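upload.cif, holding mmCIF, C-alpha atoms and all ligand atoms:
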```
data_my_file
loop_
_atom_site.group_PDB
_atom_site.id
_atom_site.type_symbol
_atom_site.label_atom_id
_atom_site.label_comp_id
_atom_site.auth_asym_id
_atom_site.auth_seq_id
_atom_site.Cartn_x
_atom_site.Cartn_y
_atom_site.Cartn_z
ATOM 1 C CA MET A 19 -19.708 -19.522 15.401
ATOM 2 C CA ASN A 20 -22.302 -21.527 13.482
ATOM 3 C CA ILE A 21 -22.054 -20.138 9.975
ATOM 4 C CA ILE A 22 -24.409 -20.244 6.997
ATOM 5 C CA LEU A 23 -22.480 -19.732 3.762
ATOM 6 C CA ILE A 24 -24.121 -18.191 0.723
ATOM 7 C CA GLY A 25 -21.979 -18.615 -2.388
ATOM 8 C CA THR A 26 -19.896 -21.732 -2.810
ATOM 9 C CA GLY A 27 -17.414 -20.370 -5.342
ATOM 10 C CA ARG A 28 -13.803 -19.246 -4.825
ATOM 11 C CA MET A 29 -14.612 -17.126 -1.754
ATOM 12 C CA GLY A 30 -17.179 -19.527 -0.286
ATOM 13 C CA ARG A 31 -14.829 -22.516 -0.519
ATOM 14 C CA LEU A 32 -11.928 -20.663 1.115
ATOM 15 C CA LEU A 33 -14.241 -19.262 3.775
ATOM 16 C CA LYS A 34 -15.319 -22.759 4.700
ATOM 17 C CA GLU A 35 -11.694 -23.921 4.930
ATOM 18 C CA CYS A 36 -10.608 -20.956 7.098
ATOM 19 C CA ALA A 37 -13.734 -21.103 9.285
ATOM 20 C CA LEU A 38 -13.204 -24.807 10.009
ATOM 21 C CA ASP A 39 -9.496 -24.135 10.736
ATOM 22 C CA ALA A 40 -10.581 -21.495 13.263
ATOM 23 C CA GLY A 41 -12.954 -23.923 15.017
ATOM 24 C CA ASP A 42 -16.183 -22.517 13.562
ATOM 25 C CA ALA A 43 -18.911 -24.754 12.148
ATOM 26 C CA VAL A 44 -20.466 -24.377 8.703
ATOM 27 C CA VAL A 45 -24.075 -25.417 9.242
ATOM 28 C CA GLY A 46 -25.388 -24.690 5.741
ATOM 29 C CA GLU A 47 -23.948 -23.975 2.277
ATOM 30 C CA TYR A 48 -26.061 -22.449 -0.470
ATOM 31 C CA GLY A 49 -25.108 -21.976 -4.116
ATOM 32 C CA ARG A 50 -27.211 -21.371 -7.175
ATOM 33 C CA ALA A 51 -28.319 -25.021 -7.282
ATOM 34 C CA ASN A 52 -29.878 -25.141 -3.792
ATOM 35 C CA ILE A 53 -30.555 -21.474 -2.925
ATOM 36 C CA ALA A 54 -34.308 -22.192 -2.705
ATOM 37 C CA GLU A 55 -33.610 -24.333 0.388
ATOM 38 C CA LEU A 56 -32.529 -21.183 2.269
ATOM 39 C CA ALA A 57 -36.245 -20.454 2.632
ATOM 40 C CA ALA A 58 -36.488 -23.307 5.167
ATOM 41 C CA ALA A 59 -33.075 -22.902 6.860
ATOM 42 C CA PRO A 60 -33.012 -22.258 10.626
ATOM 43 C CA ALA A 61 -31.293 -19.241 12.239
ATOM 44 C CA ALA A 62 -27.503 -19.385 12.654
ATOM 45 C CA ASP A 63 -24.944 -17.256 14.499
ATOM 46 C CA VAL A 64 -24.078 -15.522 11.226
ATOM 47 C CA ALA A 65 -24.711 -15.744 7.486
ATOM 48 C CA ILE A 66 -21.769 -14.867 5.239
ATOM 49 C CA ASP A 67 -22.598 -14.000 1.637
ATOM 50 C CA PHE A 68 -20.051 -14.007 -1.188
ATOM 51 C CA SER A 69 -22.294 -14.863 -4.099
ATOM 52 C CA GLY A 70 -23.885 -12.615 -6.718
ATOM 53 C CA PRO A 71 -26.616 -9.950 -6.831
ATOM 54 C CA GLU A 72 -29.206 -12.500 -8.037
ATOM 55 C CA ALA A 73 -29.047 -14.273 -4.674
ATOM 56 C CA LEU A 74 -30.158 -11.124 -2.808
ATOM 57 C CA PRO A 75 -33.929 -11.850 -2.657
ATOM 58 C CA ALA A 76 -33.264 -15.247 -1.016
ATOM 59 C CA VAL A 77 -30.649 -13.808 1.352
ATOM 60 C CA ALA A 78 -32.889 -10.887 2.321
ATOM 61 C CA ALA A 79 -35.851 -13.182 2.992
ATOM 62 C CA TYR A 80 -33.669 -15.421 5.181
ATOM 63 C CA VAL A 81 -32.308 -12.536 7.284
ATOM 64 C CA ALA A 82 -35.764 -10.951 7.648
ATOM 65 C CA ARG A 83 -37.326 -14.274 8.709
ATOM 66 C CA THR A 84 -34.617 -15.481 11.132
ATOM 67 C CA GLY A 85 -32.857 -12.285 12.331
ATOM 68 C CA THR A 86 -29.502 -13.949 11.609
ATOM 69 C CA PRO A 87 -26.626 -11.406 11.453
ATOM 70 C CA LEU A 88 -25.370 -10.909 7.884
ATOM 71 C CA VAL A 89 -21.824 -10.298 6.638
ATOM 72 C CA SER A 90 -22.037 -9.531 2.939
ATOM 73 C CA GLY A 91 -19.129 -9.076 0.546
ATOM 74 C CA THR A 92 -21.063 -9.517 -2.679
ATOM 75 C CA THR A 93 -20.316 -6.832 -5.271
ATOM 76 C CA GLY A 94 -22.041 -5.708 -8.448
ATOM 77 C CA TYR A 95 -25.172 -4.473 -6.663
ATOM 78 C CA THR A 96 -27.246 -1.619 -8.092
ATOM 79 C CA ALA A 97 -27.955 1.366 -5.821
ATOM 80 C CA GLY A 98 -31.400 -0.121 -5.107
ATOM 81 C CA GLU A 99 -29.924 -3.489 -4.141
ATOM 82 C CA LYS A 100 -27.392 -1.813 -1.847
ATOM 83 C CA ALA A 101 -30.268 0.042 -0.175
ATOM 84 C CA ALA A 102 -32.092 -3.287 0.244
ATOM 85 C CA VAL A 103 -29.026 -4.767 1.985
ATOM 86 C CA ALA A 104 -28.823 -1.737 4.289
ATOM 87 C CA ALA A 105 -32.556 -2.027 5.083
ATOM 88 C CA LEU A 106 -31.953 -5.540 6.441
ATOM 89 C CA GLY A 107 -30.495 -3.720 9.444
ATOM 90 C CA GLU A 108 -34.113 -3.478 10.665
ATOM 91 C CA HIS A 109 -34.061 -7.225 11.266
ATOM 92 C CA ALA A 110 -30.460 -8.044 12.277
ATOM 93 C CA PRO A 111 -26.941 -6.668 12.571
ATOM 94 C CA VAL A 112 -25.666 -6.330 8.993
ATOM 95 C CA VAL A 113 -22.319 -5.348 7.508
ATOM 96 C CA TRP A 114 -21.565 -4.989 3.812
ATOM 97 C CA SER A 115 -18.186 -4.091 2.406
ATOM 98 C CA ALA A 116 -16.773 -4.414 -1.080
ATOM 99 C CA ASN A 117 -13.419 -5.267 0.477
ATOM 100 C CA TYR A 118 -12.710 -6.939 3.847
ATOM 101 C CA SER A 119 -8.944 -6.282 3.895
ATOM 102 C CA LEU A 120 -7.573 -3.953 6.568
ATOM 103 C CA GLY A 121 -5.295 -2.379 3.961
ATOM 104 C CA VAL A 122 -8.165 -1.124 1.793
ATOM 105 C CA ALA A 123 -10.053 0.210 4.834
ATOM 106 C CA VAL A 124 -6.958 2.200 5.835
ATOM 107 C CA LEU A 125 -6.319 3.293 2.235
ATOM 108 C CA ALA A 126 -9.862 4.687 1.963
ATOM 109 C CA ARG A 127 -9.320 6.663 5.167
ATOM 110 C CA ALA A 128 -5.981 8.012 3.917
ATOM 111 C CA LEU A 129 -7.444 8.973 0.527
ATOM 112 C CA ARG A 130 -10.074 11.192 2.171
ATOM 113 C CA LEU A 131 -7.239 13.293 3.593
ATOM 114 C CA VAL A 132 -5.111 13.253 0.453
ATOM 115 C CA THR A 133 -7.940 14.209 -1.883
ATOM 116 C CA ALA A 134 -8.966 17.111 0.355
ATOM 117 C CA ALA A 135 -5.406 18.456 0.112
ATOM 118 C CA LEU A 136 -4.869 17.894 -3.638
ATOM 119 C CA ARG A 137 -8.229 18.663 -5.256
ATOM 120 C CA PRO A 138 -8.963 20.451 -7.473
ATOM 121 C CA ASP A 139 -5.360 20.908 -8.606
ATOM 122 C CA PHE A 140 -4.716 17.201 -9.270
ATOM 123 C CA ASP A 141 -6.514 14.876 -11.693
ATOM 124 C CA ILE A 142 -7.538 11.518 -10.197
ATOM 125 C CA GLU A 143 -7.637 8.176 -12.015
ATOM 126 C CA VAL A 144 -8.305 4.726 -10.504
ATOM 127 C CA THR A 145 -7.220 1.382 -11.955
ATOM 128 C CA GLU A 146 -8.351 -2.038 -10.732
ATOM 129 C CA THR A 147 -6.908 -5.395 -11.807
ATOM 130 C CA HIS A 148 -8.544 -8.772 -11.201
ATOM 131 C CA HIS A 149 -8.462 -12.406 -12.312
ATOM 132 C CA ASN A 150 -10.156 -13.412 -15.535
ATOM 133 C CA ARG A 151 -13.158 -14.989 -13.749
ATOM 134 C CA LYS A 152 -14.445 -11.775 -12.199
ATOM 135 C CA LYS A 153 -17.955 -10.983 -13.410
ATOM 136 C CA ASP A 154 -18.493 -7.322 -12.433
ATOM 137 C CA ALA A 155 -16.641 -4.161 -13.428
ATOM 138 C CA PRO A 156 -15.555 -1.833 -12.112
ATOM 139 C CA SER A 157 -14.822 -3.689 -8.891
ATOM 140 C CA GLY A 158 -16.770 -2.891 -5.751
ATOM 141 C CA THR A 159 -13.490 -1.739 -4.217
ATOM 142 C CA ALA A 160 -12.886 0.751 -7.034
ATOM 143 C CA LYS A 161 -16.343 2.202 -6.318
ATOM 144 C CA LEU A 162 -15.559 2.308 -2.583
ATOM 145 C CA LEU A 163 -12.315 4.193 -3.299
ATOM 146 C CA VAL A 164 -14.133 6.636 -5.620
ATOM 147 C CA GLU A 165 -16.600 7.372 -2.778
ATOM 148 C CA ALA A 166 -13.640 8.160 -0.503
ATOM 149 C CA LEU A 167 -12.009 10.315 -3.201
ATOM 150 C CA ASP A 168 -15.196 12.201 -4.061
ATOM 151 C CA PRO A 169 -17.508 12.054 -1.025
ATOM 152 C CA ALA A 170 -19.800 14.781 -2.382
ATOM 153 C CA GLY A 171 -20.196 13.059 -5.760
ATOM 154 C CA GLU A 172 -18.929 16.113 -7.676
ATOM 155 C CA LEU A 173 -16.781 14.214 -10.178
ATOM 156 C CA THR A 174 -18.043 12.474 -13.331
ATOM 157 C CA PRO A 175 -16.894 8.847 -13.643
ATOM 158 C CA VAL A 176 -15.321 7.985 -17.000
ATOM 159 C CA TYR A 177 -14.983 4.243 -17.577
ATOM 160 C CA GLY A 178 -12.086 3.759 -19.987
ATOM 161 C CA ARG A 179 -11.460 6.002 -22.968
ATOM 162 C CA GLU A 180 -11.431 5.423 -26.695
ATOM 163 C CA GLY A 181 -11.665 7.346 -29.928
ATOM 164 C CA LEU A 182 -11.527 11.089 -30.218
ATOM 165 C CA CYS A 183 -12.684 11.635 -26.661
ATOM 166 C CA GLY A 184 -11.202 15.098 -26.314
ATOM 167 C CA GLU A 185 -9.107 16.626 -23.586
ATOM 168 C CA ARG A 186 -9.599 15.419 -20.044
ATOM 169 C CA ARG A 187 -12.070 17.632 -18.199
ATOM 170 C CA PRO A 188 -11.103 18.703 -14.658
ATOM 171 C CA ASP A 189 -14.294 17.202 -13.210
ATOM 172 C CA GLU A 190 -13.597 13.679 -14.534
ATOM 173 C CA ILE A 191 -12.498 10.709 -12.459
ATOM 174 C CA GLY A 192 -11.218 7.908 -14.666
ATOM 175 C CA ILE A 193 -11.955 4.312 -13.618
ATOM 176 C CA HIS A 194 -10.264 1.525 -15.562
ATOM 177 C CA ALA A 195 -10.656 -2.245 -15.222
ATOM 178 C CA LEU A 196 -7.956 -4.765 -16.204
ATOM 179 C CA ARG A 197 -8.731 -8.504 -16.253
ATOM 180 C CA GLY A 198 -6.356 -11.429 -16.503
ATOM 181 C CA GLY A 199 -4.794 -14.491 -14.941
ATOM 182 C CA THR A 200 -5.294 -15.148 -11.253
ATOM 183 C CA VAL A 201 -4.797 -11.638 -9.789
ATOM 184 C CA ALA A 202 -6.548 -11.554 -6.392
ATOM 185 C CA GLY A 203 -7.159 -7.800 -6.544
ATOM 186 C CA THR A 204 -4.955 -4.747 -7.152
ATOM 187 C CA HIS A 205 -6.219 -1.181 -6.859
ATOM 188 C CA SER A 206 -4.223 1.942 -7.687
ATOM 189 C CA VAL A 207 -5.167 5.560 -7.266
ATOM 190 C CA HIS A 208 -3.179 8.106 -9.271
ATOM 191 C CA PHE A 209 -3.110 11.808 -8.456
ATOM 192 C CA PHE A 210 -1.661 13.686 -11.432
ATOM 193 C CA GLY A 211 -0.561 17.246 -10.755
ATOM 194 C CA PRO A 212 1.538 19.732 -12.655
ATOM 195 C CA ASP A 213 4.979 18.071 -12.937
ATOM 196 C CA GLU A 214 4.309 15.492 -10.212
ATOM 197 C CA GLU A 215 2.311 12.332 -9.549
ATOM 198 C CA LEU A 216 1.315 10.485 -6.378
ATOM 199 C CA GLU A 217 0.295 6.847 -6.650
ATOM 200 C CA PHE A 218 -1.263 4.659 -3.953
ATOM 201 C CA THR A 219 -1.546 0.920 -4.566
ATOM 202 C CA HIS A 220 -3.174 -1.853 -2.560
ATOM 203 C CA ARG A 221 -2.242 -5.332 -3.726
ATOM 204 C CA ALA A 222 -3.962 -8.413 -2.338
ATOM 205 C CA THR A 223 -1.601 -11.319 -2.889
ATOM 206 C CA SER A 224 -4.271 -13.891 -1.986
ATOM 207 C CA ARG A 225 -8.036 -13.818 -1.411
ATOM 208 C CA ARG A 226 -7.309 -15.236 2.063
ATOM 209 C CA ILE A 227 -7.005 -11.610 3.209
ATOM 210 C CA PHE A 228 -10.684 -11.018 2.327
ATOM 211 C CA VAL A 229 -11.821 -14.269 3.948
ATOM 212 C CA LEU A 230 -9.996 -13.672 7.230
ATOM 213 C CA GLY A 231 -11.287 -10.087 7.239
ATOM 214 C CA ALA A 232 -14.868 -11.268 6.745
ATOM 215 C CA LEU A 233 -14.528 -13.788 9.596
ATOM 216 C CA LYS A 234 -13.099 -11.050 11.835
ATOM 217 C CA ALA A 235 -15.989 -8.771 10.882
ATOM 218 C CA ALA A 236 -18.435 -11.597 11.664
ATOM 219 C CA ARG A 237 -16.995 -12.053 15.184
ATOM 220 C CA ALA A 238 -17.397 -8.316 15.826
ATOM 221 C CA LEU A 239 -20.835 -8.109 14.185
ATOM 222 C CA VAL A 240 -22.498 -10.816 16.298
ATOM 223 C CA ARG A 241 -21.878 -8.648 19.389
ATOM 224 C CA GLU A 242 -23.553 -5.614 17.789
ATOM 225 C CA PRO A 243 -27.215 -4.600 17.954
ATOM 226 C CA LYS A 244 -29.522 -4.709 14.929
ATOM 227 C CA GLY A 245 -28.616 -2.117 12.304
ATOM 228 C CA PHE A 246 -26.486 -1.531 9.235
ATOM 229 C CA HIS A 247 -22.828 -1.318 10.245
ATOM 230 C CA SER A 248 -19.914 -0.239 8.115
ATOM 231 C CA LEU A 249 -16.643 -2.163 8.194
ATOM 232 C CA ASP A 250 -15.112 1.052 9.538
ATOM 233 C CA ASP A 251 -17.517 0.873 12.534
ATOM 234 C CA LEU A 252 -16.428 -2.674 13.265
ATOM 235 C CA LEU A 253 -12.679 -2.222 12.691
ATOM 236 C CA PHE A 254 -12.168 1.235 14.168
ATOM 237 C CA ASN A 255 -15.207 1.463 16.471
ATOM 238 C CA THR A 256 -16.276 4.723 14.833
ATOM 239 C CA ASN A 257 -19.651 4.569 16.605
ATOM 240 C CA GLY A 258 -18.063 3.965 20.031
ATOM 241 C CA THR A 259 -19.907 0.722 20.862
ATOM 242 C CA HIS A 260 -16.885 -1.456 21.717
HETATM 243 N N1 LIG B 1 -15.904 -7.996 -0.223
HETATM 244 C C1 LIG B 1 -14.774 -8.651 -0.469
HETATM 245 O O1 LIG B 1 -13.777 -8.531 0.276
HETATM 246 C C2 LIG B 1 -14.720 -9.571 -1.642
HETATM 247 C C3 LIG B 1 -15.819 -9.692 -2.448
HETATM 248 N N2 LIG B 1 -15.833 -10.585 -3.458
HETATM 249 C C4 LIG B 1 -17.097 -10.721 -4.167
HETATM 250 O O2 LIG B 1 -17.703 -11.942 -3.754
HETATM 251 C C5 LIG B 1 -18.508 -12.444 -4.802
HETATM 252 C C6 LIG B 1 -18.141 -13.896 -5.090
HETATM 253 O O3 LIG B 1 -16.804 -13.947 -5.562
HETATM 254 P P1 LIG B 1 -16.156 -15.346 -5.994
HETATM 255 O O4 LIG B 1 -16.310 -16.344 -4.909
HETATM 256 O O5 LIG B 1 -14.816 -15.037 -6.523
HETATM 257 O O6 LIG B 1 -17.114 -15.722 -7.226
HETATM 258 P P2 LIG B 1 -17.491 -17.171 -7.775
HETATM 259 O O7 LIG B 1 -18.074 -16.922 -9.114
HETATM 260 O O8 LIG B 1 -16.333 -18.102 -7.627
HETATM 261 O O9 LIG B 1 -18.619 -17.673 -6.766
HETATM 262 C C7 LIG B 1 -19.899 -17.085 -6.695
HETATM 263 C C8 LIG B 1 -20.823 -18.059 -6.044
HETATM 264 O O10 LIG B 1 -22.103 -17.454 -5.895
HETATM 265 C C9 LIG B 1 -23.068 -18.342 -6.406
HETATM 266 N N3 LIG B 1 -24.235 -17.653 -6.926
HETATM 267 C C10 LIG B 1 -24.324 -16.823 -7.980
HETATM 268 N N4 LIG B 1 -25.604 -16.454 -8.165
HETATM 269 C C11 LIG B 1 -26.313 -17.090 -7.228
HETATM 270 C C12 LIG B 1 -27.690 -17.140 -6.905
HETATM 271 N N5 LIG B 1 -28.622 -16.490 -7.616
HETATM 272 N N6 LIG B 1 -28.077 -17.889 -5.858
HETATM 273 C C13 LIG B 1 -27.174 -18.582 -5.156
HETATM 274 N N7 LIG B 1 -25.862 -18.593 -5.403
HETATM 275 C C14 LIG B 1 -25.444 -17.843 -6.429
HETATM 276 C C15 LIG B 1 -22.369 -19.091 -7.518
HETATM 277 O O11 LIG B 1 -23.041 -20.291 -7.818
HETATM 278 P P3 LIG B 1 -22.703 -21.053 -9.199
HETATM 279 O O12 LIG B 1 -21.318 -21.580 -9.011
HETATM 280 O O13 LIG B 1 -23.734 -22.110 -9.248
HETATM 281 O O14 LIG B 1 -22.805 -20.025 -10.282
HETATM 282 C C16 LIG B 1 -21.016 -19.336 -6.847
HETATM 283 O O15 LIG B 1 -21.087 -20.410 -5.950
HETATM 284 C C17 LIG B 1 -18.317 -11.490 -5.986
HETATM 285 O O16 LIG B 1 -19.366 -10.538 -5.962
HETATM 286 C C18 LIG B 1 -16.984 -10.814 -5.661
HETATM 287 O O17 LIG B 1 -16.838 -9.560 -6.252
HETATM 288 C C19 LIG B 1 -14.761 -11.359 -3.749
HETATM 289 C C20 LIG B 1 -13.624 -11.252 -3.005
HETATM 290 C C21 LIG B 1 -13.506 -10.350 -1.896
HETATM 291 O O1 LIG B 2 -14.169 -10.597 -7.338
HETATM 292 C C1 LIG B 2 -13.109 -10.507 -6.685
HETATM 293 O O2 LIG B 2 -12.205 -11.368 -6.759
HETATM 294 C C2 LIG B 2 -12.951 -9.366 -5.775
HETATM 295 N N1 LIG B 2 -13.979 -8.582 -5.605
HETATM 296 C C3 LIG B 2 -14.061 -7.475 -4.737
HETATM 297 C C4 LIG B 2 -14.342 -6.214 -5.514
HETATM 298 O O3 LIG B 2 -15.157 -6.248 -6.461
HETATM 299 O O4 LIG B 2 -13.779 -5.162 -5.184
HETATM 300 C C5 LIG B 2 -12.908 -7.383 -3.770
HETATM 301 C C6 LIG B 2 -11.594 -7.871 -4.277
HETATM 302 O O5 LIG B 2 -10.996 -6.882 -5.045
HETATM 303 C C7 LIG B 2 -11.691 -9.199 -5.017
#
```
When written as C-alpha cells, how does the structure in this file appear?
Amino acid sequence: MNIILIGTGRMGRLLKECALDAGDAVVGEYGRANIAELAAAPAADVAIDFSGPEALPAVAAYVARTGTPLVSGTTGYTAGEKAAVAALGEHAPVVWSANYSLGVAVLARALRLVTAALRPDFDIEVTETHHNRKKDAPSGTAKLLVEALDPAGELTPVYGREGLCGERRPDEIGIHALRGGTVAGTHSVHFFGPDEELEFTHRATSRRIFVLGALKAARALVREPKGFHSLDDLLFNTNGTH
C-alpha cells in the first residue's frame, strides 16, 4: 500500500517502521509543522491518522477532496468531531477505533455479555493506565469499554472521586485515569458484587500491537466500499461483506 501518515509522534514513527518492514511505502508524512501541505497532497491507497483532534479539519479536507480511505486512531475527539469523522464515509471508506488491538475488540464483545448478566446487581468501575506523555483522559479505549458496558447510556460517568462525595450511587460508572512511566496502555474493568468481584484486564505490552492492528485494518478497509466502518466490521465481518 502507498500510505499517507498523519501524526509523526510515537505512533506515526512506529507505523512507518512497521509499514516499511511489511513492504508498504510511506508516500507522505504530516505533523503539526507541515500539516498545511496536506491540502495539496495527491490521493494515496490509505491515510493513517494517529495525531490529535486539532488535525481533523486538514484530514477531513484531504479525504473529502481525494477520496483516500482513512484509518483513524486519534483519540480525544468531542462527540461533534467523532460525527465529522463518521461523515467522511460519504467520500471514502473510513474506520475509526480508539484501540486497534484484537484483545480490546474481543474484550468489548465479552463485556456486553457480562454486563447484561451482572447489571444491576454489580457496580462497575473502569481504570486506565498510560505513559506520562498521554494528552487526553480518560483514554479513548476507556470510553469504548464504557459504551460496551452501558450501551443504552443509562449510567452516570464519575471521573475520580475526592472529598465528601457520599455513598456510591447504583447508577454510577467510575472511570479513573492513572499516568506514569512508559505504560503502553492497560485497561481494567471491575464488577463489584455482594461478596465477590470480577476483574477483566487488557494489557498492551508495546504500542506495536496498535500499529500492526491499524495496518491490518487498512488492508481490509481498502477493499471496502465508501462508508463508515467499525473495527468490528473489519475484524469479524459483522456486515457480511468479506
Ligand atoms: N487507536 C489506537 O489504537 C491508538 C491511538 N492512539 C492515539 O493516537 C494519537 C497519537 O498518539 P502518539 O503518537 O502517542 O502521540 P504523540 O504526541 O507522540 O504524536 C502525536 C503527533 O500528532 C501531531 N499533531 C498534533 N496536532 C497536530 C495538528 N494539529 N496537525 C498535525 N499534526 C498534529 C504531533 O505533532 P507535534 O509533534 O508537532 O506536536 C505528533 O506528531 C493519540 O490521540 C493517541 O491517543 C495511540 C495509540 C494507539
Ligand atoms: O495514547 C496512547 O498511548 C493510547 N491511546 C489510545 C487510547 O486513548 O485509548 C489507545 C491505547 O490505550 C494507547
* **Nearest residue to ligand LIG 1 (chain B) from the set A:Leu23, A:Ala195, A:Val103, A:Ala82 (distances using all atoms listed in the file)** =>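 Closest candidate: A:Leu23.
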* To do: Could you pull out the residues sitting within 7 Å of ligand LIG 1 (chain B), using all atoms listed in the file, and write them as a PyMOL selection string?
  => chain A and resi 24-30+48-51+53+68-73+91-94+115-119+152+154+157-158+225+228
* To do: Fewer than 6 positions away in the same chain doesn't count, so skip those; otherwise give me all residues within 12 Å of Gly98 of chain A, counting only C-alpha atoms, as a list in words.
  =>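 Listed by chain and then number, they are Pro71, Leu74, Ala104 and Ala105 of chain A.
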* Do you know which residues the PyMOL selection byres (((chain A and resi 187-192) around 8) and not hetatm) returns on this file, as a VMD selection string? -> chain A and resid 138 141 to 144 172 to 178 185 to 186 193 to 194
May I have the centre and edge lengths, in Å to one decimal, of an axis-aligned box around the listed atoms of segment 25-32 of chain A with 8 Å added to every side, as lines of an AutoDock Vina configuration file?
```
center_x = -17.0
center_y = -19.8
center_z = -2.1
size_x = 26.1
size_y = 21.4
size_z = 22.5
```
* **Nearest to ligand LIG 2 (chain B) by atom-to-atom distance, counting all atoms listed in the file, from A:Ala236, A:Ala123, A:Ala134, A:Leu106** =>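 Closest residue, counting all atoms listed in the file: A:Ala123.
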* Structure fact -> Of A:Asp67, A:Glu55, A:Glu47, A:Glu165, the one nearest to Leu233 of chain A when counting all atoms listed in the file is A:Asp67
* For atom CA of Leu88 of chain A and atom CA of Ile66 of chain A, the interatomic separation in Å (one decimal) -> 6.0 Å
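Closest to Tyr95 of chain A among A:Ala155, A:Leu129, A:Val240, A:Val201 is A:Ala155, based on all atoms listed in the file.
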* Asked: For the atom pair atom CA of Arg151 of chain A and atom CA of Leu167 of chain A, what is the interatomic distance in Å to one decimal place?
  ->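 The value is 27.4 Å.
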* Taking only C-alpha atoms and all ligand atoms into account, which of A:Arg241, A:His247, A:Arg226, A:His148 comes nearest ligand LIG 2 (chain B)? -> A:His148
* Would you please work out which residue, of A:Gly198, A:Gly85, A:Pro156, A:Gly245, is nearest to ligand LIG 2 (chain B) when using all atoms listed in the file? => A:Pro156
* Residues around (0.7, -13.2, -4.9), cut-off 8 Å, counting only C-alpha atoms - what are they as an MDAnalysis selection string? -> chainID A and resid 201:202 222:224
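The interatomic distance for the pair atom CA of Ala65 of chain A and atom CA of Ala40 of chain A works out to 16.3 Å.
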